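Okay, upload06.cif is below, mmCIF, C-alpha atoms:
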```cif
data_work
loop_
_atom_site.group_PDB
_atom_site.id
_atom_site.type_symbol
_atom_site.label_atom_id
_atom_site.label_comp_id
_atom_site.auth_asym_id
_atom_site.auth_seq_id
_atom_site.Cartn_x
_atom_site.Cartn_y
_atom_site.Cartn_z
ATOM 1 C CA MET A 13 0.000 0.000 0.000
ATOM 2 C CA ALA A 14 2.772 2.449 0.908
ATOM 3 C CA VAL A 15 4.631 1.872 -2.369
ATOM 4 C CA LEU A 16 1.428 2.177 -4.418
ATOM 5 C CA LEU A 17 0.524 5.469 -2.731
ATOM 6 C CA ALA A 18 4.028 6.787 -3.344
ATOM 7 C CA ALA A 19 3.791 5.822 -7.026
ATOM 8 C CA TYR A 20 0.364 7.475 -7.284
ATOM 9 C CA LEU A 21 1.709 10.655 -5.701
ATOM 10 C CA GLU A 22 4.722 10.757 -8.011
ATOM 11 C CA GLU A 23 2.593 10.254 -11.121
ATOM 12 C CA SER A 24 0.161 12.964 -9.980
ATOM 13 C CA ILE A 25 3.050 15.391 -9.410
ATOM 14 C CA ARG A 26 4.598 14.715 -12.809
ATOM 15 C CA ASN A 27 1.205 15.255 -14.472
ATOM 16 C CA LEU A 28 0.537 18.393 -12.395
ATOM 17 C CA GLN A 29 -2.704 16.914 -11.033
ATOM 18 C CA VAL A 30 -3.166 19.145 -8.002
ATOM 19 C CA GLU A 31 -6.340 17.508 -6.663
ATOM 20 C CA ASN A 32 -4.799 14.040 -6.880
ATOM 21 C CA VAL A 33 -1.678 15.251 -5.062
ATOM 22 C CA MET A 34 -3.877 16.695 -2.321
ATOM 23 C CA LEU A 35 -5.839 13.435 -2.019
ATOM 24 C CA ALA A 36 -2.683 11.324 -1.846
ATOM 25 C CA CYS A 37 -1.144 13.572 0.809
ATOM 26 C CA GLU A 38 -4.296 13.422 2.918
ATOM 27 C CA LYS A 39 -4.340 9.617 2.778
ATOM 28 C CA ILE A 40 -0.626 9.328 3.525
ATOM 29 C CA THR A 41 -0.674 11.641 6.555
ATOM 30 C CA LYS A 42 -3.757 9.864 7.898
ATOM 31 C CA ILE A 43 -1.969 6.499 7.627
ATOM 32 C CA MET A 44 1.112 7.896 9.369
ATOM 33 C CA LYS A 45 -0.897 9.321 12.264
ATOM 34 C CA THR A 46 -2.936 6.140 12.685
ATOM 35 C CA LEU A 47 0.187 3.987 12.745
ATOM 36 C CA ILE A 48 1.905 6.158 15.361
ATOM 37 C CA VAL A 49 -1.087 6.122 17.720
ATOM 38 C CA SER A 50 -1.768 2.404 17.183
ATOM 39 C CA GLY A 51 1.907 1.558 17.600
ATOM 40 C CA GLU A 52 2.120 3.426 20.894
ATOM 41 C CA ASN A 53 -0.827 1.483 22.299
ATOM 42 C CA ILE A 54 0.286 -2.065 21.490
ATOM 43 C CA ARG A 55 -0.228 -4.307 24.512
ATOM 44 C CA GLU A 56 0.660 -7.731 23.071
ATOM 45 C CA LYS A 57 4.375 -7.977 23.775
ATOM 46 C CA HIS A 58 4.946 -10.962 21.459
ATOM 47 C CA ILE A 59 3.950 -8.954 18.365
ATOM 48 C CA ASN A 60 5.218 -5.600 19.576
ATOM 49 C CA THR A 61 8.705 -5.829 18.044
ATOM 50 C CA HIS A 62 7.428 -6.694 14.564
ATOM 51 C CA ILE A 63 4.757 -3.992 14.522
ATOM 52 C CA HIS A 64 7.138 -1.487 16.110
ATOM 53 C CA GLY A 65 9.511 -1.992 13.161
ATOM 54 C CA GLN A 66 6.705 -1.689 10.629
ATOM 55 C CA VAL A 67 5.416 1.563 12.133
ATOM 56 C CA ILE A 68 8.875 3.123 12.004
ATOM 57 C CA SER A 69 9.700 1.862 8.513
ATOM 58 C CA ILE A 70 6.413 3.028 6.963
ATOM 59 C CA ASN A 71 6.689 6.452 8.589
ATOM 60 C CA CYS A 72 10.300 6.835 7.445
ATOM 61 C CA PHE A 73 9.289 5.701 3.953
ATOM 62 C CA PHE A 74 6.598 8.369 3.715
ATOM 63 C CA LEU A 75 8.741 11.122 5.266
ATOM 64 C CA ARG A 76 11.505 10.412 2.762
ATOM 65 C CA MET A 77 8.940 10.269 -0.024
ATOM 66 C CA PHE A 78 7.812 13.830 0.723
ATOM 67 C CA TYR A 79 11.364 15.144 0.339
ATOM 68 C CA GLU A 80 11.872 13.198 -2.882
ATOM 69 C CA ALA A 81 8.509 14.420 -4.172
ATOM 70 C CA MET A 82 9.493 18.037 -3.579
ATOM 71 C CA ASP A 83 12.683 17.420 -5.562
ATOM 72 C CA ILE A 84 10.803 16.303 -8.693
ATOM 73 C CA ASN A 85 8.010 18.863 -8.386
ATOM 74 C CA THR A 86 8.011 22.035 -10.519
ATOM 75 C CA ASP A 87 4.656 23.532 -9.477
ATOM 76 C CA ASP A 88 4.311 26.092 -6.666
ATOM 77 C CA GLU A 89 0.812 25.009 -5.644
ATOM 78 C CA ILE A 90 1.832 21.367 -5.429
ATOM 79 C CA ASN A 91 4.949 22.301 -3.478
ATOM 80 C CA GLU A 92 2.791 24.084 -0.919
ATOM 81 C CA ILE A 93 0.629 20.959 -0.551
ATOM 82 C CA LEU A 94 3.683 18.716 -0.102
ATOM 83 C CA GLN A 95 5.245 21.038 2.450
ATOM 84 C CA GLY A 96 1.959 21.251 4.350
ATOM 85 C CA ALA A 97 1.609 17.467 4.450
ATOM 86 C CA LEU A 98 5.191 16.993 5.643
ATOM 87 C CA ALA A 99 4.768 19.643 8.342
ATOM 88 C CA ASP A 100 1.476 18.060 9.437
ATOM 89 C CA ALA A 101 3.021 14.592 9.729
ATOM 90 C CA VAL A 102 6.143 15.679 11.614
ATOM 91 C CA SER A 103 4.136 17.956 13.917
ATOM 92 C CA TYR A 104 1.866 15.055 14.815
ATOM 93 C CA ILE A 105 4.789 12.788 15.692
ATOM 94 C CA MET A 106 6.176 15.547 17.909
ATOM 95 C CA MET A 107 2.785 16.085 19.561
ATOM 96 C CA VAL A 108 2.622 12.393 20.458
ATOM 97 C CA VAL A 109 6.100 12.585 21.980
ATOM 98 C CA GLU A 110 5.131 15.673 23.968
ATOM 99 C CA TYR A 111 1.856 14.094 25.130
ATOM 100 C CA ILE A 112 3.519 10.916 26.366
ATOM 101 C CA ASN A 113 6.300 12.847 28.075
ATOM 102 C CA LYS A 114 3.769 14.985 29.920
ATOM 103 C CA ARG A 115 1.923 11.873 31.090
ATOM 104 C CA THR A 116 5.133 10.429 32.479
ATOM 105 C CA SER A 117 7.386 12.859 34.311
ATOM 106 C CA ASN A 118 8.255 15.684 31.920
ATOM 107 C CA PHE A 119 11.776 14.492 31.304
ATOM 108 C CA SER A 120 14.208 16.727 29.485
ATOM 109 C CA THR A 121 15.920 14.046 27.372
ATOM 110 C CA TYR A 122 14.765 10.989 25.440
ATOM 111 C CA ARG A 123 17.247 8.674 27.086
ATOM 112 C CA GLU A 124 16.261 9.746 30.592
ATOM 113 C CA LEU A 125 12.641 8.988 29.845
ATOM 114 C CA LYS A 126 13.356 5.677 28.154
ATOM 115 C CA GLU A 127 15.675 4.432 30.898
ATOM 116 C CA THR A 128 13.102 5.240 33.569
ATOM 117 C CA MET A 129 10.284 3.560 31.672
ATOM 118 C CA MET A 130 12.355 0.434 31.215
ATOM 119 C CA THR A 131 13.213 0.177 34.927
ATOM 120 C CA THR A 132 9.906 1.188 36.543
ATOM 121 C CA PRO A 133 7.432 -1.647 37.285
ATOM 122 C CA GLN A 134 4.228 -1.259 35.291
ATOM 123 C CA LYS A 135 2.047 -1.972 38.325
ATOM 124 C CA ASP A 136 3.433 1.114 40.026
ATOM 125 C CA THR A 137 2.966 3.629 37.228
ATOM 126 C CA ASN A 138 1.385 4.299 33.843
ATOM 127 C CA LYS A 139 4.783 4.955 32.266
ATOM 128 C CA ASN A 140 4.907 1.555 30.598
ATOM 129 C CA SER A 141 1.534 2.089 28.939
ATOM 130 C CA TYR A 142 3.204 3.113 25.682
ATOM 131 C CA SER A 143 5.555 1.337 23.303
ATOM 132 C CA LEU A 144 7.628 4.534 22.763
ATOM 133 C CA VAL A 145 7.658 3.988 19.011
ATOM 134 C CA SER A 146 7.447 7.752 18.463
ATOM 135 C CA PHE A 147 10.478 8.289 20.704
ATOM 136 C CA ASP A 148 12.380 5.544 18.890
ATOM 137 C CA LEU A 149 11.542 7.143 15.539
ATOM 138 C CA ILE A 150 12.989 10.495 16.575
ATOM 139 C CA LEU A 151 15.849 9.237 18.741
ATOM 140 C CA ASN A 152 17.238 6.586 16.401
ATOM 141 C CA TYR A 153 16.043 7.478 12.893
ATOM 142 C CA LEU A 154 15.251 11.190 12.632
ATOM 143 C CA SER A 155 18.786 11.914 13.698
ATOM 144 C CA THR A 156 22.298 12.623 12.561
ATOM 145 C CA GLU A 157 25.236 10.530 13.699
ATOM 146 C CA ASP A 158 25.583 12.751 16.758
ATOM 147 C CA GLU A 159 22.058 13.450 17.996
ATOM 148 C CA PRO A 160 18.328 13.583 17.175
ATOM 149 C CA LEU A 161 17.256 16.370 14.844
ATOM 150 C CA VAL A 162 14.902 17.728 17.477
ATOM 151 C CA SER A 163 15.187 17.711 21.266
ATOM 152 C CA ILE A 164 12.359 17.423 23.787
ATOM 153 C CA SER A 165 12.852 21.068 24.781
ATOM 154 C CA MET A 166 12.588 22.083 21.124
ATOM 155 C CA ILE A 167 9.395 20.057 20.733
ATOM 156 C CA ASN A 168 7.942 21.770 23.799
ATOM 157 C CA LYS A 169 8.791 25.166 22.347
ATOM 158 C CA LEU A 170 7.298 24.315 18.950
ATOM 159 C CA ARG A 171 4.167 22.953 20.630
ATOM 160 C CA TYR A 172 3.811 26.186 22.601
ATOM 161 C CA GLU A 173 3.877 28.075 19.287
ATOM 162 C CA ASP A 174 1.402 25.607 17.709
ATOM 163 C CA PHE A 175 4.221 24.312 15.458
ATOM 164 C CA LYS A 176 4.102 27.430 13.280
ATOM 165 C CA PRO A 177 7.933 27.718 13.076
ATOM 166 C CA ILE A 178 8.387 24.039 12.156
ATOM 167 C CA GLY A 179 9.172 24.806 8.509
ATOM 168 C CA ALA A 180 12.464 26.424 9.477
ATOM 169 C CA PHE A 181 13.584 23.017 10.755
ATOM 170 C CA ILE A 182 12.080 20.352 8.524
ATOM 171 C CA PHE A 183 12.672 22.086 5.184
ATOM 172 C CA SER A 184 16.379 22.394 5.886
ATOM 173 C CA GLN A 185 19.056 20.361 4.122
ATOM 174 C CA LYS A 186 19.931 18.762 7.457
ATOM 175 C CA TRP A 187 16.483 17.196 7.814
ATOM 176 C CA LYS A 188 16.400 16.149 4.177
ATOM 177 C CA ASP A 189 19.790 14.448 4.422
ATOM 178 C CA ALA A 190 18.756 12.685 7.614
ATOM 179 C CA LEU A 191 15.956 10.960 5.703
ATOM 180 C CA ILE A 192 17.629 10.390 2.339
ATOM 181 C CA VAL A 193 21.293 9.640 3.054
ATOM 182 C CA ASN A 194 20.809 8.006 6.443
ATOM 183 C CA SER A 195 22.389 4.537 6.227
ATOM 184 C CA LYS A 196 20.242 3.182 9.067
ATOM 185 C CA ILE A 197 17.048 4.223 7.307
ATOM 186 C CA ASN A 198 18.332 2.925 3.960
ATOM 187 C CA LYS A 199 19.034 -0.496 5.449
ATOM 188 C CA MET A 200 15.660 -0.653 7.182
ATOM 189 C CA LEU A 201 13.694 0.389 4.093
ATOM 190 C CA ASP A 202 15.573 -2.093 1.932
ATOM 191 C CA SER A 203 14.597 -4.805 4.390
ATOM 192 C CA TYR A 204 10.908 -3.880 4.552
ATOM 193 C CA PHE A 205 10.191 -2.618 1.033
ATOM 194 C CA GLU A 206 12.629 -4.235 -1.413
ATOM 195 C CA ASP A 207 10.263 -7.038 -2.459
ATOM 196 C CA GLU A 208 7.221 -4.759 -2.716
ATOM 197 C CA ILE A 209 9.117 -2.215 -4.830
ATOM 198 C CA ALA A 210 10.333 -4.966 -7.156
ATOM 199 C CA LYS A 211 6.773 -6.241 -7.648
ATOM 200 C CA ASN A 212 5.493 -2.781 -8.594
ATOM 201 C CA ASN A 213 8.293 -1.828 -11.013
#
```

Written as structure tokens, that's how I'd like the structure from this file.
Amino acid sequence: MAVLLAAYLEESIRNLQVENVMLACEKITKIMKTLIVSGENIREKHINTHIHGQVISINCFFLRMFYEAMDINTDDEINEILQGALADAVSYIMMVVEYINKRTSNFSTYRELKETMMTTPQKDTNKNSYSLVSFDLILNYLSTEDEPLVSISMINKLRYEDFKPIGAFIFSQKWKDALIVNSKINKMLDSYFEDEIAKNN
């Protein structure tokens, strides 16, 4: 489904079909949001790892796709739609991170939160109620070799401003490179999507 939607979006962009681009973006962002929320609420531990990986890989696939789509696009109206969809998707991921952090202990770093959640018994707190897939996505994938692209304090600041300044971050070359030339993401997407891409080519 992800590969088919990406192909549909690319074809619509190349044919300058604005309404089709808008429809594809709406469907893609809805899928991304649904996966993040569903992934965070997984309770069955024996399937958690598999689904956790799928949620991250599909979200990374779509995030990368938006950057690649903007590269091939030549239309201003379509570019505005693509940028809006990317901003909407990233903002939502950040909102989930901020929401979960507030429901735990308002930690200032990802690692501090994760370490505490891993060591605190579930019967004593609600901290283990989430899978932390959104944290994993930002901490380990939306990152450079040194650190995540966005810190918890930055997310809190963006949330306070209703994510209006988010474009200054996500439309930068740094964010684009983190999705496109990230070896960890490349390896993961090859593992999850190689067969599906081959079938649809």

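One distance worth recording is that between CA of Phe205 in chain A and CA of Asp189 in chain A, which is 19.9 Å.
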
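The two atoms in question, CA of Ser155 in chain A and CA of Val193 in chain A, are spaced 11.2 Å apart.
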
### Task
Within 10 Å of Val145 in chain A, counting only C-alpha atoms, which residues show up once you throw out same-chain ones fewer than 6 positions away? Write them as number ranges by chain, please.
A: 47-54, 60-61, 63-65, 67-68, 105, 108-109, 151

### Query
Which one is closest to Ile40 in chain A: A:Phe74, A:Tyr20, A:Phe119, A:Tyr104? Count all atoms listed in the file.
A:Phe74

#### Entry: Surrounding residues of Leu201 in chain A excluding itself and chain neighbours under 5 positions, 10 Å, all atoms listed in the file, as a count of residues only
9

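Closest approach to Ser24 in chain A among A:Met200, A:Lys114, A:Glu38, A:Ala81: A:Ala81, based on only C-alpha atoms.
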
### Task
Quick one: residues within 10 Å of (16.4, 16.8, 6.9) (file frame), counting all atoms listed in the file, please, as JSON, numbers by chain.
{"A": [75, 76, 79, 154, 155, 156, 161, 181, 182, 183, 184, 185, 186, 187, 188, 189, 190, 191, 192, 193, 194]}

### Query
Mind telling me what the PyMOL selection byres ((chain A and resi 32) around 12) catches here, as a ChimeraX atom specification?
/A:17-31,33-39,90,93-94

Resulting file, chosen residues, C-alpha atoms, as a PDB file, in the coordinates of the input:
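As written to disk, selection.pdb reads:
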```pdb
ATOM      1  CA  LEU A  17       0.524   5.469  -2.731  1.00  0.00           C
ATOM      2  CA  ALA A  18       4.028   6.787  -3.344  1.00  0.00           C
ATOM      3  CA  ALA A  19       3.791   5.822  -7.026  1.00  0.00           C
ATOM      4  CA  TYR A  20       0.364   7.475  -7.284  1.00  0.00           C
ATOM      5  CA  LEU A  21       1.709  10.655  -5.701  1.00  0.00           C
ATOM      6  CA  GLU A  22       4.722  10.757  -8.011  1.00  0.00           C
ATOM      7  CA  GLU A  23       2.593  10.254 -11.121  1.00  0.00           C
ATOM      8  CA  SER A  24       0.161  12.964  -9.980  1.00  0.00           C
ATOM      9  CA  ILE A  25       3.050  15.391  -9.410  1.00  0.00           C
ATOM     10  CA  ARG A  26       4.598  14.715 -12.809  1.00  0.00           C
ATOM     11  CA  ASN A  27       1.205  15.255 -14.472  1.00  0.00           C
ATOM     12  CA  LEU A  28       0.537  18.393 -12.395  1.00  0.00           C
ATOM     13  CA  GLN A  29      -2.704  16.914 -11.033  1.00  0.00           C
ATOM     14  CA  VAL A  30      -3.166  19.145  -8.002  1.00  0.00           C
ATOM     15  CA  GLU A  31      -6.340  17.508  -6.663  1.00  0.00           C
ATOM     16  CA  VAL A  33      -1.678  15.251  -5.062  1.00  0.00           C
ATOM     17  CA  MET A  34      -3.877  16.695  -2.321  1.00  0.00           C
ATOM     18  CA  LEU A  35      -5.839  13.435  -2.019  1.00  0.00           C
ATOM     19  CA  ALA A  36      -2.683  11.324  -1.846  1.00  0.00           C
ATOM     20  CA  CYS A  37      -1.144  13.572   0.809  1.00  0.00           C
ATOM     21  CA  GLU A  38      -4.296  13.422   2.918  1.00  0.00           C
ATOM     22  CA  LYS A  39      -4.340   9.617   2.778  1.00  0.00           C
ATOM     23  CA  ILE A  90       1.832  21.367  -5.429  1.00  0.00           C
ATOM     24  CA  ILE A  93       0.629  20.959  -0.551  1.00  0.00           C
ATOM     25  CA  LEU A  94       3.683  18.716  -0.102  1.00  0.00           C
TER      26      LEU A  94
END
```

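Our summary of the geometry notes that CA of Met44 in chain A is positioned 5.8 Å from CA of Asn71 in chain A.
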
Taking all atoms of range 174-190 of chain A that the file lists, what box with edges along x, y and z, padded by 3 Å per side, do you get, with centre and edge lengths in Å to one decimal, as JSON?
```
{"center_x": 10.7, "center_y": 20.2, "center_z": 10.9, "size_x": 24.5, "size_y": 21.0, "size_z": 19.6}
```

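Residue membership of the PyMOL selection byres ((chain A and resi 171) around 12) in the shown file amounts to A:Val102, A:Ser103, A:Tyr104, A:Ile105, A:Met106, A:Met107, A:Val108, A:Val109, A:Glu110, A:Tyr111, A:Ile164, A:Ser165, A:Met166, A:Ile167, A:Asn168, A:Lys169, A:Leu170, A:Tyr172, A:Glu173, A:Asp174, A:Phe175, A:Lys176, A:Pro177, A:Ile178.
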
Save out the residues we just selected, C-alpha atoms, as an mmCIF file, in the frame of the given file.
```cif
data_model
loop_
_atom_site.group_PDB
_atom_site.id
_atom_site.type_symbol
_atom_site.label_atom_id
_atom_site.label_comp_id
_atom_site.auth_asym_id
_atom_site.auth_seq_id
_atom_site.Cartn_x
_atom_site.Cartn_y
_atom_site.Cartn_z
ATOM 1 C CA VAL A 102 6.143 15.679 11.614
ATOM 2 C CA SER A 103 4.136 17.956 13.917
ATOM 3 C CA TYR A 104 1.866 15.055 14.815
ATOM 4 C CA ILE A 105 4.789 12.788 15.692
ATOM 5 C CA MET A 106 6.176 15.547 17.909
ATOM 6 C CA MET A 107 2.785 16.085 19.561
ATOM 7 C CA VAL A 108 2.622 12.393 20.458
ATOM 8 C CA VAL A 109 6.100 12.585 21.980
ATOM 9 C CA GLU A 110 5.131 15.673 23.968
ATOM 10 C CA TYR A 111 1.856 14.094 25.130
ATOM 11 C CA ILE A 164 12.359 17.423 23.787
ATOM 12 C CA SER A 165 12.852 21.068 24.781
ATOM 13 C CA MET A 166 12.588 22.083 21.124
ATOM 14 C CA ILE A 167 9.395 20.057 20.733
ATOM 15 C CA ASN A 168 7.942 21.770 23.799
ATOM 16 C CA LYS A 169 8.791 25.166 22.347
ATOM 17 C CA LEU A 170 7.298 24.315 18.950
ATOM 18 C CA TYR A 172 3.811 26.186 22.601
ATOM 19 C CA GLU A 173 3.877 28.075 19.287
ATOM 20 C CA ASP A 174 1.402 25.607 17.709
ATOM 21 C CA PHE A 175 4.221 24.312 15.458
ATOM 22 C CA LYS A 176 4.102 27.430 13.280
ATOM 23 C CA PRO A 177 7.933 27.718 13.076
ATOM 24 C CA ILE A 178 8.387 24.039 12.156
#
```

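Proximity to Thr121 in chain A was assessed for A:Thr41, A:Ser163, A:Asn198, A:Asn85 counting only C-alpha atoms; the smallest distance is recorded for A:Ser163.
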